[in-house]
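S.K.: coords.pdb (PDB, C-alpha atoms) pasted underneath:
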```pdb
ATOM      1  CA  MET T   1     -17.404   6.290  -2.911
ATOM      2  CA  SER T   2     -13.869   6.811  -4.125
ATOM      3  CA  ALA T   3     -10.447   5.928  -2.818
ATOM      4  CA  ILE T   4      -7.804   8.466  -1.852
ATOM      5  CA  ALA T   5      -5.690   9.177  -4.930
ATOM      6  CA  ALA T   6      -2.434  10.578  -3.587
ATOM      7  CA  ASP T   7       0.316   9.301  -5.863
ATOM      8  CA  ASP T   8       1.251   6.911  -8.629
ATOM      9  CA  SER T   9       1.062   3.943  -6.248
ATOM     10  CA  SER T  10      -2.742   4.102  -6.229
ATOM     11  CA  ILE T  11      -4.521   1.082  -7.635
ATOM     12  CA  SER T  12      -8.207   0.841  -8.417
ATOM     13  CA  LEU T  13     -10.515  -1.961  -7.360
ATOM     14  CA  GLU T  14     -10.927  -2.792 -11.043
ATOM     15  CA  GLU T  15      -7.167  -3.241 -11.378
ATOM     16  CA  ILE T  16      -7.048  -5.443  -8.281
ATOM     17  CA  ALA T  17      -9.946  -7.520  -9.610
ATOM     18  CA  ARG T  18      -7.959  -8.131 -12.814
ATOM     19  CA  ARG T  19      -4.667  -8.743 -11.014
ATOM     20  CA  LEU T  20      -5.785 -11.147  -8.295
ATOM     21  CA  PRO T  21      -6.830 -14.137 -10.466
ATOM     22  CA  GLN T  22      -3.455 -13.972 -12.228
ATOM     23  CA  GLU T  23      -1.395 -14.276  -9.032
ATOM     24  CA  LYS T  24       0.735 -17.416  -8.614
ATOM     25  CA  ARG T  25       1.348 -17.067  -4.868
ATOM     26  CA  ILE T  26       0.131 -14.556  -2.297
ATOM     27  CA  LEU T  27       0.566 -13.812   1.379
ATOM     28  CA  ILE T  28      -2.537 -12.476   3.121
ATOM     29  CA  ALA T  29      -1.971 -10.364   6.233
ATOM     30  CA  ALA T  30      -3.773  -7.975   8.575
ATOM     31  CA  HIS T  31      -3.035  -5.966  11.712
ATOM     32  CA  GLU T  32      -2.034  -7.069  15.210
ATOM     33  CA  ASN T  33      -4.763  -7.712  17.810
ATOM     34  CA  PRO T  34      -7.158  -8.493  14.954
ATOM     35  CA  ASP T  35     -10.822  -7.563  15.153
ATOM     36  CA  GLY T  36     -13.731  -8.905  13.132
ATOM     37  CA  ASP T  37     -12.849  -6.909  10.032
ATOM     38  CA  ALA T  38      -9.213  -8.035   9.991
ATOM     39  CA  LEU T  39     -10.089 -11.685  10.623
ATOM     40  CA  GLY T  40     -12.989 -11.573   8.173
ATOM     41  CA  CYS T  41     -10.648 -10.185   5.503
ATOM     42  CA  VAL T  42      -8.021 -12.866   6.079
ATOM     43  CA  ALA T  43     -10.594 -15.666   6.054
ATOM     44  CA  ALA T  44     -12.454 -14.334   3.006
ATOM     45  CA  LEU T  45      -9.372 -13.752   0.845
ATOM     46  CA  SER T  46      -7.908 -17.127   1.869
ATOM     47  CA  LEU T  47     -11.122 -18.846   0.808
ATOM     48  CA  LEU T  48     -11.189 -16.870  -2.435
ATOM     49  CA  ALA T  49      -7.587 -17.872  -3.172
ATOM     50  CA  ASP T  50      -8.614 -21.508  -2.655
ATOM     51  CA  ARG T  51     -11.441 -21.119  -5.151
ATOM     52  CA  LEU T  52      -9.115 -19.451  -7.680
ATOM     53  CA  GLY T  53      -6.380 -22.056  -7.266
ATOM     54  CA  ILE T  54      -3.835 -19.526  -5.995
ATOM     55  CA  GLU T  55      -1.111 -20.813  -3.686
ATOM     56  CA  HIS T  56      -1.400 -18.797  -0.495
ATOM     57  CA  SER T  57      -0.588 -18.423   3.180
ATOM     58  CA  ALA T  58      -1.906 -16.047   5.832
ATOM     59  CA  TYR T  59      -0.154 -14.110   8.578
ATOM     60  CA  LEU T  60      -1.231 -12.179  11.672
ATOM     61  CA  PRO T  61       1.232 -10.675  14.185
ATOM     62  CA  GLY T  62       1.361 -11.961  17.754
ATOM     63  CA  GLN T  63       1.258 -15.329  19.448
ATOM     64  CA  GLY T  64      -1.926 -15.400  21.500
ATOM     65  CA  ALA T  65      -5.289 -16.874  20.617
ATOM     66  CA  PHE T  66      -7.756 -14.958  18.489
ATOM     67  CA  PRO T  67     -10.907 -13.576  20.133
ATOM     68  CA  PRO T  68     -13.146 -16.601  20.794
ATOM     69  CA  GLU T  69     -16.176 -15.164  19.022
ATOM     70  CA  TYR T  70     -14.332 -15.500  15.706
ATOM     71  CA  GLU T  71     -13.160 -19.090  16.118
ATOM     72  CA  PHE T  72     -15.812 -20.339  13.673
ATOM     73  CA  LEU T  73     -14.156 -18.551  10.743
ATOM     74  CA  PRO T  74     -12.426 -21.165   8.546
ATOM     75  CA  GLY T  75      -8.659 -21.362   8.202
ATOM     76  CA  LEU T  76      -7.610 -19.415  11.298
ATOM     77  CA  GLU T  77      -5.805 -22.460  12.689
ATOM     78  CA  ASP T  78      -3.392 -22.289   9.731
ATOM     79  CA  VAL T  79      -2.495 -18.603  10.076
ATOM     80  CA  LEU T  80       1.233 -17.889  10.578
ATOM     81  CA  ARG T  81       2.168 -15.919  13.718
ATOM     82  CA  GLY T  82       5.262 -14.169  15.113
ATOM     83  CA  ASP T  83       7.450 -11.934  12.945
ATOM     84  CA  PHE T  84       6.491 -11.016   9.405
ATOM     85  CA  PRO T  85       7.629 -13.907   7.168
ATOM     86  CA  ALA T  86      10.310 -13.581   4.524
ATOM     87  CA  LEU T  87       8.829 -13.605   1.040
ATOM     88  CA  GLU T  88      10.119 -14.706  -2.333
ATOM     89  CA  GLY T  89      10.096 -12.187  -5.139
ATOM     90  CA  SER T  90       7.272 -14.030  -6.886
ATOM     91  CA  THR T  91       4.940 -13.657  -3.900
ATOM     92  CA  THR T  92       2.546 -10.719  -3.693
ATOM     93  CA  ALA T  93       1.609  -9.576  -0.194
ATOM     94  CA  TYR T  94      -2.019  -8.516   0.211
ATOM     95  CA  ILE T  95      -2.138  -6.392   3.383
ATOM     96  CA  LEU T  96      -5.683  -5.802   4.593
ATOM     97  CA  ASP T  97      -7.210  -3.425   7.160
ATOM     98  CA  CYS T  98      -3.778  -2.269   8.340
ATOM     99  CA  ALA T  99      -2.972   1.443   8.527
ATOM    100  CA  ALA T 100       0.807   1.196   9.031
ATOM    101  CA  THR T 101       3.617  -1.353   8.908
ATOM    102  CA  GLY T 102       4.173  -0.984  12.651
ATOM    103  CA  ARG T 103       0.925  -2.903  13.144
ATOM    104  CA  LEU T 104       2.282  -5.887  11.232
ATOM    105  CA  SER T 105       5.266  -6.808  13.375
ATOM    106  CA  LYS T 106       8.188  -5.333  15.285
ATOM    107  CA  SER T 107      10.345  -5.360  12.166
ATOM    108  CA  GLY T 108       7.649  -3.948   9.943
ATOM    109  CA  LEU T 109       7.022  -4.938   6.358
ATOM    110  CA  GLU T 110       9.686  -6.534   4.191
ATOM    111  CA  CYS T 111       8.295  -7.531   0.816
ATOM    112  CA  ALA T 112      10.551  -8.918  -1.861
ATOM    113  CA  GLY T 113       7.812  -8.492  -4.468
ATOM    114  CA  ALA T 114       4.679  -6.413  -4.833
ATOM    115  CA  CYS T 115       2.571  -5.324  -1.860
ATOM    116  CA  VAL T 116      -1.124  -4.552  -2.382
ATOM    117  CA  ASN T 117      -2.385  -2.431   0.514
ATOM    118  CA  ILE T 118      -6.201  -2.442   0.823
ATOM    119  CA  ASP T 119      -7.699  -0.483   3.712
ATOM    120  CA  HIS T 120     -10.387   1.905   4.904
ATOM    121  CA  HIS T 121      -8.459   3.754   7.641
ATOM    122  CA  GLN T 122      -8.162   7.436   6.770
ATOM    123  CA  ASP T 123      -4.670   7.610   8.315
ATOM    124  CA  ASN T 124      -3.196   4.766   6.247
ATOM    125  CA  THR T 125       0.456   5.542   5.469
ATOM    126  CA  ARG T 126       0.249   4.116   1.922
ATOM    127  CA  PHE T 127       3.149   1.748   2.575
ATOM    128  CA  GLY T 128       2.385  -0.615  -0.300
ATOM    129  CA  SER T 129       3.746  -0.665  -3.805
ATOM    130  CA  HIS T 130       0.043  -0.583  -4.748
ATOM    131  CA  ASN T 131      -2.456   1.202  -2.478
ATOM    132  CA  HIS T 132      -6.236   1.329  -2.425
ATOM    133  CA  ILE T 133      -7.407   3.372   0.575
ATOM    134  CA  ASP T 134     -11.085   4.270   0.864
ATOM    135  CA  PRO T 135     -12.102   5.855   4.204
ATOM    136  CA  GLU T 136     -15.729   5.946   3.098
ATOM    137  CA  ALA T 137     -15.966   2.157   3.061
ATOM    138  CA  ALA T 138     -17.712   0.786   6.143
ATOM    139  CA  SER T 139     -15.154  -2.017   6.445
ATOM    140  CA  THR T 140     -12.229  -3.444   4.546
ATOM    141  CA  THR T 141     -14.376  -6.497   3.805
ATOM    142  CA  GLU T 142     -16.620  -4.097   1.873
ATOM    143  CA  LEU T 143     -13.672  -3.358  -0.414
ATOM    144  CA  LEU T 144     -12.993  -7.076  -0.867
ATOM    145  CA  TYR T 145     -16.649  -7.621  -1.698
ATOM    146  CA  ARG T 146     -16.541  -4.899  -4.328
ATOM    147  CA  ILE T 147     -13.429  -6.514  -5.865
ATOM    148  CA  ILE T 148     -15.301  -9.836  -6.063
ATOM    149  CA  LYS T 149     -18.318  -8.198  -7.694
ATOM    150  CA  ILE T 150     -16.270  -6.189 -10.188
ATOM    151  CA  GLY T 151     -14.212  -9.209 -11.213
ATOM    152  CA  GLY T 152     -17.066 -11.696 -11.238
ATOM    153  CA  LEU T 153     -15.011 -13.781  -8.815
ATOM    154  CA  PRO T 154     -16.377 -16.734  -6.807
ATOM    155  CA  LEU T 155     -18.755 -15.884  -3.961
ATOM    156  CA  ASP T 156     -20.187 -18.761  -1.949
ATOM    157  CA  ALA T 157     -21.729 -18.976   1.515
ATOM    158  CA  GLU T 158     -18.367 -19.408   3.271
ATOM    159  CA  ILE T 159     -16.766 -16.375   1.621
ATOM    160  CA  ALA T 160     -19.923 -14.330   2.105
ATOM    161  CA  THR T 161     -20.013 -15.191   5.816
ATOM    162  CA  ALA T 162     -16.418 -14.077   6.351
ATOM    163  CA  LEU T 163     -17.144 -10.803   4.530
ATOM    164  CA  TYR T 164     -20.307 -10.301   6.582
ATOM    165  CA  VAL T 165     -18.413 -10.759   9.867
ATOM    166  CA  GLY T 166     -16.142  -7.838   8.971
ATOM    167  CA  LEU T 167     -19.087  -5.685   7.939
ATOM    168  CA  VAL T 168     -21.356  -6.374  10.906
ATOM    169  CA  THR T 169     -18.611  -5.886  13.497
ATOM    170  CA  ASP T 170     -17.067  -2.735  12.018
ATOM    171  CA  THR T 171     -20.498  -1.090  11.745
ATOM    172  CA  GLY T 172     -21.461  -2.080  15.287
ATOM    173  CA  ARG T 173     -24.312  -4.248  14.011
ATOM    174  CA  PHE T 174     -25.257  -1.482  11.558
ATOM    175  CA  GLN T 175     -25.518   1.171  14.275
ATOM    176  CA  TYR T 176     -22.298   3.200  13.893
ATOM    177  CA  ALA T 177     -22.043   6.373  11.822
ATOM    178  CA  ASN T 178     -20.106   4.512   9.102
ATOM    179  CA  THR T 179     -23.222   2.456   8.274
ATOM    180  CA  SER T 180     -24.050   3.540   4.739
ATOM    181  CA  PRO T 181     -26.778   2.521   2.289
ATOM    182  CA  ALA T 182     -24.047   0.573   0.493
ATOM    183  CA  ALA T 183     -23.357  -1.375   3.692
ATOM    184  CA  HIS T 184     -27.004  -2.390   3.963
ATOM    185  CA  ARG T 185     -27.090  -3.395   0.296
ATOM    186  CA  MET T 186     -23.945  -5.453   0.781
ATOM    187  CA  ALA T 187     -25.479  -7.199   3.798
ATOM    188  CA  ALA T 188     -28.593  -8.066   1.799
ATOM    189  CA  GLU T 189     -26.548  -9.400  -1.120
ATOM    190  CA  LEU T 190     -24.364 -11.480   1.207
ATOM    191  CA  GLN T 191     -27.471 -12.954   2.798
ATOM    192  CA  GLN T 192     -28.694 -13.879  -0.674
ATOM    193  CA  ALA T 193     -25.315 -15.545  -1.226
ATOM    194  CA  GLY T 194     -25.907 -17.831   1.753
ATOM    195  CA  VAL T 195     -25.091 -16.026   5.010
ATOM    196  CA  ASP T 196     -27.131 -17.328   7.942
ATOM    197  CA  VAL T 197     -27.560 -13.985   9.710
ATOM    198  CA  ASN T 198     -28.980 -15.435  12.916
ATOM    199  CA  ALA T 199     -26.231 -18.061  13.181
ATOM    200  CA  VAL T 200     -23.543 -15.395  12.749
ATOM    201  CA  TYR T 201     -25.221 -13.172  15.336
ATOM    202  CA  ARG T 202     -25.360 -15.967  17.884
ATOM    203  CA  ARG T 203     -21.718 -16.934  17.318
ATOM    204  CA  LEU T 204     -20.520 -13.335  17.612
ATOM    205  CA  TYR T 205     -22.730 -12.019  20.396
ATOM    206  CA  GLU T 206     -24.421 -14.906  22.241
ATOM    207  CA  ASN T 207     -21.496 -17.290  22.637
ATOM    208  CA  VAL T 208     -19.447 -15.367  25.195
ATOM    209  CA  PRO T 209     -17.074 -17.421  27.420
ATOM    210  CA  LEU T 210     -17.651 -16.980  31.146
ATOM    211  CA  ALA T 211     -14.071 -15.742  31.548
ATOM    212  CA  LYS T 212     -14.811 -12.819  29.249
ATOM    213  CA  VAL T 213     -17.914 -11.924  31.226
ATOM    214  CA  LEU T 214     -15.853 -11.927  34.435
ATOM    215  CA  LEU T 215     -13.186  -9.809  32.756
ATOM    216  CA  ARG T 216     -15.835  -7.322  31.657
ATOM    217  CA  ALA T 217     -17.080  -7.163  35.247
ATOM    218  CA  ARG T 218     -13.588  -6.189  36.421
ATOM    219  CA  ALA T 219     -13.385  -3.413  33.848
ATOM    220  CA  LEU T 220     -16.796  -2.072  34.810
ATOM    221  CA  GLY T 221     -15.853  -2.314  38.504
ATOM    222  CA  ARG T 222     -12.973   0.133  37.898
ATOM    223  CA  LEU T 223     -14.985   2.515  35.745
ATOM    224  CA  GLU T 224     -14.251   6.205  36.250
ATOM    225  CA  LEU T 225     -16.225   9.101  34.775
ATOM    226  CA  ARG T 226     -14.164  12.225  34.193
ATOM    227  CA  LEU T 227     -14.760  15.654  32.679
ATOM    228  CA  GLY T 228     -18.299  15.765  33.995
ATOM    229  CA  GLY T 229     -19.093  12.336  32.583
ATOM    230  CA  ALA T 230     -17.904  13.102  29.044
ATOM    231  CA  LEU T 231     -14.909  10.776  29.428
ATOM    232  CA  ALA T 232     -15.267   7.203  30.707
ATOM    233  CA  VAL T 233     -12.078   5.294  31.509
ATOM    234  CA  SER T 234     -11.173   1.882  32.868
ATOM    235  CA  TRP T 235      -8.299  -0.570  32.812
ATOM    236  CA  LEU T 236      -7.448  -4.260  33.005
ATOM    237  CA  LEU T 237      -4.291  -5.649  34.593
ATOM    238  CA  SER T 238      -2.363  -8.760  33.603
ATOM    239  CA  GLU T 239      -3.467 -10.392  36.843
ATOM    240  CA  ASP T 240      -7.122  -9.866  35.909
ATOM    241  CA  PHE T 241      -6.683 -12.086  32.864
ATOM    242  CA  LYS T 242      -4.910 -14.738  34.964
ATOM    243  CA  ASP T 243      -7.440 -14.639  37.794
ATOM    244  CA  VAL T 244     -10.467 -15.261  35.590
ATOM    245  CA  GLY T 245      -8.677 -17.601  33.149
ATOM    246  CA  ALA T 246      -8.982 -15.259  30.187
ATOM    247  CA  ASP T 247      -6.681 -15.003  27.204
ATOM    248  CA  GLU T 248      -5.516 -11.508  26.218
ATOM    249  CA  SER T 249      -7.838 -11.647  23.211
ATOM    250  CA  TYR T 250     -10.829 -11.670  25.582
ATOM    251  CA  GLY T 251     -10.369  -7.915  26.039
ATOM    252  CA  GLU T 252     -11.783  -7.373  22.540
ATOM    253  CA  GLY T 253     -15.125  -5.526  22.606
ATOM    254  CA  ILE T 254     -15.222  -4.723  26.333
ATOM    255  CA  ILE T 255     -14.884  -1.012  25.612
ATOM    256  CA  ASP T 256     -18.237  -1.040  23.811
ATOM    257  CA  GLY T 257     -20.040  -1.422  27.139
ATOM    258  CA  ILE T 258     -18.179   1.610  28.477
ATOM    259  CA  ARG T 259     -18.928   3.856  25.510
ATOM    260  CA  ALA T 260     -22.652   3.095  25.831
ATOM    261  CA  ILE T 261     -23.031   4.991  29.135
ATOM    262  CA  ARG T 262     -25.336   7.992  28.913
ATOM    263  CA  GLY T 263     -23.481  11.267  28.531
ATOM    264  CA  VAL T 264     -20.161   9.698  27.540
ATOM    265  CA  LYS T 265     -18.495  11.215  24.482
ATOM    266  CA  ILE T 266     -15.142   9.408  24.735
ATOM    267  CA  ALA T 267     -14.380   5.984  26.208
ATOM    268  CA  ALA T 268     -10.894   4.661  26.965
ATOM    269  CA  LEU T 269      -9.848   1.168  28.040
ATOM    270  CA  ILE T 270      -6.243   0.395  28.946
ATOM    271  CA  ARG T 271      -5.037  -3.214  28.999
ATOM    272  CA  GLU T 272      -1.792  -4.661  30.244
ATOM    273  CA  GLN T 273      -0.390  -7.154  27.753
ATOM    274  CA  SER T 274       2.733  -9.293  27.747
ATOM    275  CA  ASN T 275       5.134  -8.753  24.841
ATOM    276  CA  ASN T 276       8.112 -11.129  24.921
ATOM    277  CA  GLY T 277       8.106 -11.053  28.718
ATOM    278  CA  THR T 278       7.649  -7.286  28.934
ATOM    279  CA  VAL T 279       4.343  -5.760  30.013
ATOM    280  CA  VAL T 280       3.094  -3.050  27.656
ATOM    281  CA  LEU T 281      -0.099  -1.024  27.721
ATOM    282  CA  LYS T 282      -2.615  -1.282  24.908
ATOM    283  CA  GLY T 283      -5.093   1.568  24.703
ATOM    284  CA  SER T 284      -8.475   1.502  22.963
ATOM    285  CA  LEU T 285     -10.388   4.719  22.316
ATOM    286  CA  ARG T 286     -13.968   5.226  21.174
ATOM    287  CA  SER T 287     -15.871   8.392  20.270
ATOM    288  CA  THR T 288     -19.629   8.166  20.509
ATOM    289  CA  ASP T 289     -20.600  11.078  18.262
ATOM    290  CA  GLY T 290     -17.446  12.051  16.399
ATOM    291  CA  SER T 291     -17.120  15.404  18.148
ATOM    292  CA  VAL T 292     -13.621  14.278  19.166
ATOM    293  CA  ASN T 293     -11.425  12.515  16.607
ATOM    294  CA  VAL T 294      -9.856   9.747  18.672
ATOM    295  CA  ALA T 295      -7.439   8.847  15.857
ATOM    296  CA  ASN T 296      -5.732  12.200  16.456
ATOM    297  CA  ILE T 297      -5.252  11.297  20.115
ATOM    298  CA  ALA T 298      -3.972   7.827  19.246
ATOM    299  CA  HIS T 299      -1.424   9.417  16.893
ATOM    300  CA  LEU T 300       0.190  11.128  19.894
ATOM    301  CA  PHE T 301       1.117   7.659  21.180
ATOM    302  CA  GLY T 302       2.196   6.256  17.823
ATOM    303  CA  GLY T 303      -1.152   4.618  17.132
ATOM    304  CA  GLY T 304      -4.001   5.385  14.779
ATOM    305  CA  GLY T 305      -7.428   4.388  13.570
ATOM    306  CA  HIS T 306     -10.695   6.093  12.707
ATOM    307  CA  VAL T 307     -12.504   9.201  13.930
ATOM    308  CA  LEU T 308     -14.727   6.982  16.086
ATOM    309  CA  ALA T 309     -12.350   4.155  16.998
ATOM    310  CA  ALA T 310      -8.589   4.061  17.476
ATOM    311  CA  GLY T 311      -5.834   2.279  19.375
ATOM    312  CA  PHE T 312      -2.245   2.682  20.515
ATOM    313  CA  SER T 313       0.536   1.230  22.669
ATOM    314  CA  ALA T 314       2.275   2.949  25.577
ATOM    315  CA  ASP T 315       4.902   2.145  28.190
ATOM    316  CA  ASN T 316       4.109   4.673  30.936
ATOM    317  CA  GLY T 317       2.032   3.832  34.015
ATOM    318  CA  ILE T 318      -1.743   3.529  33.898
ATOM    319  CA  PRO T 319      -2.482   6.551  36.192
ATOM    320  CA  GLU T 320      -0.160   8.788  34.176
ATOM    321  CA  LEU T 321      -1.600   7.544  30.903
ATOM    322  CA  LEU T 322      -5.201   8.145  31.985
ATOM    323  CA  ASP T 323      -4.332  11.656  33.153
ATOM    324  CA  ARG T 324      -2.677  12.387  29.801
ATOM    325  CA  LEU T 325      -5.712  11.088  27.951
ATOM    326  CA  GLU T 326      -7.951  13.284  30.078
ATOM    327  CA  GLU T 327      -5.858  16.336  29.184
ATOM    328  CA  GLU T 328      -6.025  15.555  25.485
ATOM    329  CA  VAL T 329      -9.777  14.926  25.520
ATOM    330  CA  LYS T 330     -10.419  18.102  27.540
ATOM    331  CA  ALA T 331      -8.471  20.159  25.002
ATOM    332  CA  ARG T 332     -10.729  18.845  22.226
ATOM    333  CA  LEU T 333     -14.167  19.057  23.828
TER     334      LEU T 333
END
```
Please re-express this file's structure in structure tokens.

M.R.:
Amino acid sequence: MSAIAADDSSISLEEIARRLPQEKRILIAAHENPDGDALGCVAALSLLADRLGIEHSAYLPGQGAFPPEYEFLPGLEDVLRGDFPALEGSTTAYILDCAATGRLSKSGLECAGACVNIDHHQDNTRFGSHNHIDPEAASTTELLYRIIKIGGLPLDAEIATALYVGLVTDTGRFQYANTSPAAHRMAAELQQAGVDVNAVYRRLYENVPLAKVLLRARALGRLELRLGGALAVSWLLSEDFKDVGADESYGEGIIDGIRAIRGVKIAALIREQSNNGTVVLKGSLRSTDGSVNVANIAHLFGGGGHVLAAGFSADNGIPELLDRLEEEVKARL
């Protein structure tokens, strides 16, 4: 596997492995509405910085709670929230699993010093002063793991577990098309390093709050099949979250139950979210077989992602948005 080499800002994993232990202070950040890969990256690199004696802080956009299935990851309670923090010139920002600065905060990225951008999204805008983008990697935690191996950096059970969370969630428990032989080898090596695979599985998939189950029921209750069953759509309103006592983060992963319906090629879930008192729509898209590149559809709304999974924000009404999505999917089938 090789990273995209587009310009002089490219940096190899070998160069990152040499650079990281020499850092004096770093900021570790990932994208808004973080998933398992983003949170696994932040936790793993924070732990690694601890082991290396590097002064560090971590940042994730937003104010709400993180998805409850990831609460066991260490250090999340210390993560900075809100707008992207101001940085001193001596601080290097390590931005992980984030395709564009718009997914960091409303004001985007403002780095006084160097910015190392490490990601596996094929549509990454290469916003860093140093960029390593490898779309063939199963997860961004895979890239972090390779940096650790190349540099002979510390790898204990805690770091391995955080890396494994990113890998197992971004590969859909090793079932998605991005599951490579390298991903399986990484999983085996992380287990040898101390990951309790069954404990992680139970925390991620068998520790679901009742409120999330009730929220999922509401989404399934509104399910619509369009385009002869090729497109499955649903939506969640702000009042749904209030009625069942669910935080906005509880919407994470609900779309996976929609995409699993027989005959569905594209799944879409729209969620109402509050942003500084204003309700905005957050769209999640999934492609089951890759015949439709959902990242291309997300781009139309200012979003992005992968061929099989993408997201975006919108401010038009839910009916209009679903109709527009149907038009775009129909044009690509």

S.K.: For the structure provided, state which residues fall under the PyMOL selection byres ((chain T and resi 256-270) around 7), and present them as a list of chain:residue names.

M.R.: T:Gly229, T:Ala230, T:Leu231, T:Ala232, T:Val233, T:Ser234, T:Trp235, T:Leu236, T:Gly253, T:Ile254, T:Ile255, T:Arg271, T:Glu272, T:Leu281, T:Lys282, T:Gly283, T:Ser284, T:Leu285, T:Arg286, T:Ser287, T:Thr288, T:Asp289

S.K.: List, as a PyMOL selection string, every residue that the PyMOL selection byres ((chain T and resi 23) around 12) selects in the file provided.

M.R.: chain T and resi 16-22+24-27+49+52-56+90-94+113-114+116

S.K.: Between T:Leu322, T:His121, T:Leu333, T:Tyr164, which has the minimum distance to Gly228 of chain T (counting all atoms listed in the file)?

M.R.: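 Looking at the shortest contact to Gly228 of chain T, the residue is T:Leu333.
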
S.K.: Decode the PyMOL selection byres ((chain T and resi 143) around 12) for the given file into explicit residues and return them as JSON, numbers by chain.

M.R.: {"T": [1, 2, 3, 12, 13, 14, 16, 17, 37, 40, 41, 44, 45, 96, 97, 117, 118, 119, 120, 121, 132, 133, 134, 135, 136, 137, 138, 139, 140, 141, 142, 144, 145, 146, 147, 148, 149, 150, 163, 164, 166, 167, 182, 183, 186]}

S.K.: What does the distance from atom CA of Leu76 of chain T to atom CA of Glu206 of chain T come to in Å, to one decimal?

M.R.: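 Separating atom CA of Leu76 of chain T from atom CA of Glu206 of chain T is a distance of 20.6 Å.
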
S.K.: Can you work out the spacing between atom CA of Asp35 of chain T and atom CA of Pro154 of chain T in Å, to one decimal?

M.R.: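 Atom CA of Pro154 of chain T lies at a distance of 24.4 Å from atom CA of Asp35 of chain T.
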
S.K.: Which value, in Å to one decimal, gives the distance between atom CA of Glu328 of chain T and atom CA of Gly102 of chain T?

M.R.: 23.3 Å

S.K.: Rank nothing, just name the residue among T:Val294, T:Cys115, T:Val79, T:Leu325 nearest to Gly311 of chain T, using only C-alpha atoms.

M.R.: T:Val294

S.K.: Compare T:Ala29, T:Ala298, T:Tyr250, T:Tyr70 by their minimum atom-to-atom distance to Pro85 of chain T, counting only C-alpha atoms, and give me the closest one.

M.R.: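 Looking at the shortest contact to Pro85 of chain T, the residue is T:Ala29.
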
S.K.: Find, counting only C-alpha atoms, the residue in T:Val197, T:Thr179, T:Ile159, T:Ser238 that gets nearest to Asp50 of chain T.

M.R.: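 Nearest candidate to Asp50 of chain T out of T:Val197, T:Thr179, T:Ile159, T:Ser238: T:Ile159.
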
S.K.: Show me, as a ChimeraX atom specification, the residues that have an atom within 12 Å of Glu239 of chain T when counting all atoms listed in the file, minus same-chain residues fewer than 3 positions from it.

M.R.: /T:215,218,235-236,242-248,271-274,279

S.K.: Restricting it to C-alpha atoms, dump the selection as a PDB file, keeping the file's coordinate frame.

M.R.:
```
ATOM      1  CA  LEU T 215     -13.186  -9.809  32.756  1.00  0.00           C
ATOM      2  CA  ARG T 218     -13.588  -6.189  36.421  1.00  0.00           C
ATOM      3  CA  TRP T 235      -8.299  -0.570  32.812  1.00  0.00           C
ATOM      4  CA  LEU T 236      -7.448  -4.260  33.005  1.00  0.00           C
ATOM      5  CA  LYS T 242      -4.910 -14.738  34.964  1.00  0.00           C
ATOM      6  CA  ASP T 243      -7.440 -14.639  37.794  1.00  0.00           C
ATOM      7  CA  VAL T 244     -10.467 -15.261  35.590  1.00  0.00           C
ATOM      8  CA  GLY T 245      -8.677 -17.601  33.149  1.00  0.00           C
ATOM      9  CA  ALA T 246      -8.982 -15.259  30.187  1.00  0.00           C
ATOM     10  CA  ASP T 247      -6.681 -15.003  27.204  1.00  0.00           C
ATOM     11  CA  GLU T 248      -5.516 -11.508  26.218  1.00  0.00           C
ATOM     12  CA  ARG T 271      -5.037  -3.214  28.999  1.00  0.00           C
ATOM     13  CA  GLU T 272      -1.792  -4.661  30.244  1.00  0.00           C
ATOM     14  CA  GLN T 273      -0.390  -7.154  27.753  1.00  0.00           C
ATOM     15  CA  SER T 274       2.733  -9.293  27.747  1.00  0.00           C
ATOM     16  CA  VAL T 279       4.343  -5.760  30.013  1.00  0.00           C
TER      17      VAL T 279
END
```

S.K.: Could you write out as JSON the box around segment 278-297 of chain T (axis-aligned, all atoms listed in the file, 6 Å on each side), with centre and edge lengths in Å to one decimal?

M.R.:
```
{"center_x": -6.5, "center_y": 4.1, "center_z": 22.9, "size_x": 40.2, "size_y": 34.7, "size_z": 26.2}
```
